[in-house]
>>> print(open('work21.pdb').read())   # PDB, C-alpha atoms, pLDDT in the B column
MODEL        1
ATOM      1  CA  MET A   1     -15.375 -27.040  -0.055  1.00 55.00           C
ATOM      2  CA  GLN A   2     -13.772 -23.933   1.389  1.00 66.00           C
ATOM      3  CA  SER A   3     -10.022 -23.513   1.240  1.00 77.00           C
ATOM      4  CA  GLN A   4      -7.946 -22.842   4.318  1.00 85.00           C
ATOM      5  CA  PRO A   5      -7.040 -19.221   5.038  1.00 88.00           C
ATOM      6  CA  ARG A   6      -3.514 -18.341   3.947  1.00 95.00           C
ATOM      7  CA  LEU A   7      -1.114 -15.673   5.059  1.00 97.00           C
ATOM      8  CA  LEU A   8       0.882 -14.071   2.285  1.00 98.00           C
ATOM      9  CA  ARG A   9       4.374 -12.731   2.821  1.00 98.00           C
ATOM     10  CA  LEU A  10       5.422  -9.339   1.479  1.00 98.00           C
ATOM     11  CA  PRO A  11       6.953 -10.414  -1.870  1.00 98.00           C
ATOM     12  CA  VAL A  12       3.772 -12.285  -2.803  1.00 98.00           C
ATOM     13  CA  VAL A  13       1.551  -9.357  -1.776  1.00 98.00           C
ATOM     14  CA  LEU A  14       3.656  -6.908  -3.790  1.00 98.00           C
ATOM     15  CA  ASP A  15       3.467  -9.173  -6.823  1.00 98.00           C
ATOM     16  CA  LYS A  16      -0.302  -9.614  -6.469  1.00 98.00           C
ATOM     17  CA  VAL A  17      -1.139  -5.918  -6.149  1.00 98.00           C
ATOM     18  CA  GLY A  18       1.576  -4.496  -8.392  1.00 97.00           C
ATOM     19  CA  LEU A  19       2.839  -1.945  -5.881  1.00 97.00           C
ATOM     20  CA  GLY A  20       6.243  -1.241  -4.417  1.00 98.00           C
ATOM     21  CA  ARG A  21       7.055  -1.813  -0.772  1.00 98.00           C
ATOM     22  CA  SER A  22       7.083   1.872   0.216  1.00 98.00           C
ATOM     23  CA  ARG A  23       3.761   2.611  -1.478  1.00 98.00           C
ATOM     24  CA  LEU A  24       2.150  -0.472   0.076  1.00 98.00           C
ATOM     25  CA  TYR A  25       3.172   0.602   3.566  1.00 98.00           C
ATOM     26  CA  GLU A  26       1.950   4.170   2.860  1.00 98.00           C
ATOM     27  CA  LEU A  27      -1.459   2.728   2.007  1.00 98.00           C
ATOM     28  CA  VAL A  28      -1.415   0.584   5.159  1.00 98.00           C
ATOM     29  CA  LYS A  29      -0.577   3.640   7.275  1.00 98.00           C
ATOM     30  CA  ALA A  30      -3.402   5.605   5.621  1.00 98.00           C
ATOM     31  CA  GLY A  31      -5.852   2.770   6.339  1.00 98.00           C
ATOM     32  CA  ILE A  32      -6.424   2.127   2.623  1.00 97.00           C
ATOM     33  CA  PHE A  33      -4.736  -1.284   2.436  1.00 98.00           C
ATOM     34  CA  PRO A  34      -5.195  -4.071   5.002  1.00 98.00           C
ATOM     35  CA  ALA A  35      -2.600  -4.059   7.769  1.00 98.00           C
ATOM     36  CA  PRO A  36      -0.327  -7.058   8.129  1.00 98.00           C
ATOM     37  CA  ILE A  37      -0.626  -9.359  11.099  1.00 97.00           C
ATOM     38  CA  LYS A  38       2.320 -10.524  13.151  1.00 97.00           C
ATOM     39  CA  ILE A  39       3.111 -14.197  12.622  1.00 95.00           C
ATOM     40  CA  SER A  40       6.371 -14.355  14.580  1.00 96.00           C
ATOM     41  CA  ASP A  41       8.859 -12.019  16.252  1.00 96.00           C
ATOM     42  CA  ARG A  42      10.297 -10.938  12.900  1.00 95.00           C
ATOM     43  CA  ALA A  43       7.646 -11.825  10.347  1.00 97.00           C
ATOM     44  CA  VAL A  44       4.309 -10.465   9.213  1.00 97.00           C
ATOM     45  CA  GLY A  45       1.771 -11.682   6.703  1.00 98.00           C
ATOM     46  CA  TRP A  46      -1.408 -10.519   5.050  1.00 98.00           C
ATOM     47  CA  PRO A  47      -4.546 -12.660   5.026  1.00 97.00           C
ATOM     48  CA  GLU A  48      -5.015 -13.635   1.388  1.00 97.00           C
ATOM     49  CA  ASP A  49      -8.767 -13.052   1.475  1.00 97.00           C
ATOM     50  CA  ARG A  50      -8.273  -9.436   2.602  1.00 97.00           C
ATOM     51  CA  VAL A  51      -5.739  -8.784  -0.151  1.00 98.00           C
ATOM     52  CA  ASP A  52      -8.066 -10.351  -2.728  1.00 97.00           C
ATOM     53  CA  HIS A  53     -10.973  -8.248  -1.417  1.00 97.00           C
ATOM     54  CA  TRP A  54      -8.884  -5.066  -1.736  1.00 98.00           C
ATOM     55  CA  ILE A  55      -8.033  -5.965  -5.342  1.00 98.00           C
ATOM     56  CA  ALA A  56     -11.703  -6.667  -6.121  1.00 97.00           C
ATOM     57  CA  GLU A  57     -12.684  -3.288  -4.639  1.00 96.00           C
ATOM     58  CA  ARG A  58     -10.174  -1.496  -6.879  1.00 96.00           C
ATOM     59  CA  ILE A  59     -11.518  -3.300  -9.944  1.00 95.00           C
ATOM     60  CA  ALA A  60     -15.126  -2.523  -9.014  1.00 95.00           C
ATOM     61  CA  ALA A  61     -14.285   1.161  -8.453  1.00 92.00           C
ATOM     62  CA  SER A  62     -12.564   1.296 -11.839  1.00 90.00           C
ATOM     63  CA  ASP A  63     -15.530  -0.348 -13.558  1.00 89.00           C
ATOM     64  CA  LYS A  64     -17.933   2.064 -11.875  1.00 86.00           C
ATOM     65  CA  ALA A  65     -15.845   5.088 -12.909  1.00 87.00           C
ATOM     66  CA  ALA A  66     -15.713   3.865 -16.522  1.00 83.00           C
ATOM     67  CA  ALA A  67     -19.508   3.437 -16.728  1.00 76.00           C
TER      68      ALA A  67
ENDMDL
END
>>> encode(input="work21.pdb", output="structure tokens")
Amino acid sequence: MQSQPRLLRLPVVLDKVGLGRSRLYELVKAGIFPAPIKISDRAVGWPEDRVDHWIAERIAASDKAAA
């Protein structure tokens, strides 16, 4: 059974990836981190699967560099 897609708010994303707010938005601007999507007039969220994929890519790149 597949779980429903979730949108993560900024504090959760920051906790998951271990970055600060400014650095996260720098990476978004540079196209390195997934951009947030607008969920209301004053709120944005990140699709959890995209955040998880970004984390997995970082781990894979680290493993490849260590080999």
>>> closest_residue(input="work21.pdb", among="A:Ser62, A:Ala30, A:Leu24, A:Arg50", to="Pro11 (chain A)", atoms="only C-alpha atoms")
A:Leu24
>>> residues_near_point(input="work21.pdb", point="(5.2, -3.8, 1.2)", cutoff="9 Å", atoms="all atoms listed in the file", output="mmCIF file with C-alpha atoms, in the frame of the given file")
data_model
loop_
_atom_site.group_PDB
_atom_site.id
_atom_site.type_symbol
_atom_site.label_atom_id
_atom_site.label_comp_id
_atom_site.auth_asym_id
_atom_site.auth_seq_id
_atom_site.Cartn_x
_atom_site.Cartn_y
_atom_site.Cartn_z
ATOM 1 C CA LEU A 10 5.422 -9.339 1.479
ATOM 2 C CA PRO A 11 6.953 -10.414 -1.870
ATOM 3 C CA VAL A 13 1.551 -9.357 -1.776
ATOM 4 C CA LEU A 14 3.656 -6.908 -3.790
ATOM 5 C CA LEU A 19 2.839 -1.945 -5.881
ATOM 6 C CA GLY A 20 6.243 -1.241 -4.417
ATOM 7 C CA ARG A 21 7.055 -1.813 -0.772
ATOM 8 C CA SER A 22 7.083 1.872 0.216
ATOM 9 C CA ARG A 23 3.761 2.611 -1.478
ATOM 10 C CA LEU A 24 2.150 -0.472 0.076
ATOM 11 C CA TYR A 25 3.172 0.602 3.566
ATOM 12 C CA GLU A 26 1.950 4.170 2.860
ATOM 13 C CA VAL A 28 -1.415 0.584 5.159
#
>>> atom_distance(input="work21.pdb", atom1="CA of Asp41 (chain A)", atom2="CA of Ile55 (chain A)")
28.1 Å
>>> closest_residue(input="work21.pdb", among="A:Arg9, A:Ser3, A:Ala56, A:Lys16", to="Ile39 (chain A)", atoms="all atoms listed in the file")
A:Arg9
>>> closest_residue(input="work21.pdb", among="A:Ile59, A:Ala65, A:Val17, A:Leu8", to="Ile37 (chain A)", atoms="only C-alpha atoms")
A:Leu8
>>> atom_distance(input="work21.pdb", atom1="CA of Arg58 (chain A)", atom2="CA of Ala35 (chain A)")
16.7 Å
>>> decode(input="work21.pdb", residues="chain A", atoms="C-alpha atoms", output="short mmCIF file (atom, residue, chain, number, x, y, z; two decimals), in the first residue's frame")
data_model
loop_
_atom_site.label_atom_id
_atom_site.label_comp_id
_atom_site.auth_asym_id
_atom_site.auth_seq_id
_atom_site.Cartn_x
_atom_site.Cartn_y
_atom_site.Cartn_z
CA MET A 1 0.00 0.00 0.00
CA GLN A 2 1.36 3.40 -0.95
CA SER A 3 1.18 6.25 1.52
CA GLN A 4 -0.43 9.56 0.68
CA PRO A 5 1.88 12.36 -0.45
CA ARG A 6 2.66 14.83 2.32
CA LEU A 7 3.74 18.43 2.28
CA LEU A 8 6.33 19.35 4.86
CA ARG A 9 6.52 22.80 6.39
CA LEU A 10 9.83 24.61 6.79
CA PRO A 11 10.71 23.58 10.38
CA VAL A 12 10.28 19.90 9.50
CA VAL A 13 12.35 20.24 6.31
CA LEU A 14 15.14 22.03 8.18
CA ASP A 15 15.17 19.31 10.82
CA LYS A 16 15.20 16.53 8.21
CA VAL A 17 18.08 17.93 6.15
CA GLY A 18 20.10 19.53 8.94
CA LEU A 19 20.44 22.92 7.25
CA GLY A 20 19.60 26.43 8.34
CA ARG A 21 16.87 28.47 6.71
CA SER A 22 19.20 30.80 4.80
CA ARG A 23 21.31 27.96 3.41
CA LEU A 24 18.20 26.00 2.39
CA TYR A 25 16.84 28.94 0.43
CA GLU A 26 20.28 29.50 -1.18
CA LEU A 27 20.17 25.91 -2.42
CA VAL A 28 16.61 26.38 -3.69
CA LYS A 29 17.65 29.52 -5.58
CA ALA A 30 20.63 27.67 -7.09
CA GLY A 31 18.35 24.82 -8.21
CA ILE A 32 20.12 22.31 -5.95
CA PHE A 33 17.26 21.74 -3.49
CA PRO A 34 13.61 21.24 -4.50
CA ALA A 35 11.58 24.45 -4.56
CA PRO A 36 8.63 24.76 -2.21
CA ILE A 37 5.11 24.82 -3.55
CA LYS A 38 2.51 27.35 -2.49
CA ILE A 39 -0.21 25.83 -0.33
CA SER A 40 -2.01 29.04 0.64
CA ASP A 41 -1.54 32.81 0.41
CA ARG A 42 1.07 32.79 3.18
CA ALA A 43 2.29 29.21 3.37
CA VAL A 44 4.56 26.93 1.39
CA GLY A 45 5.48 23.29 1.75
CA TRP A 46 7.87 20.78 0.28
CA PRO A 47 6.69 17.44 -1.07
CA GLU A 48 8.13 14.87 1.33
CA ASP A 49 9.14 12.49 -1.45
CA ARG A 50 11.26 15.19 -3.12
CA VAL A 51 13.00 16.04 0.15
CA ASP A 52 13.64 12.34 0.81
CA HIS A 53 15.00 11.91 -2.74
CA TRP A 54 17.38 14.86 -2.24
CA ILE A 55 18.65 13.31 1.00
CA ALA A 56 19.14 9.93 -0.72
CA GLU A 57 21.10 11.62 -3.52
CA ARG A 58 23.44 13.26 -1.01
CA ILE A 59 24.03 9.92 0.72
CA ALA A 60 24.67 8.14 -2.58
CA ALA A 61 27.12 10.86 -3.67
CA SER A 62 28.95 10.55 -0.36
CA ASP A 63 29.13 6.77 -0.66
CA LYS A 64 30.43 7.04 -4.21
CA ALA A 65 33.11 9.56 -3.20
CA ALA A 66 34.24 7.32 -0.32
CA ALA A 67 34.63 4.27 -2.59
#
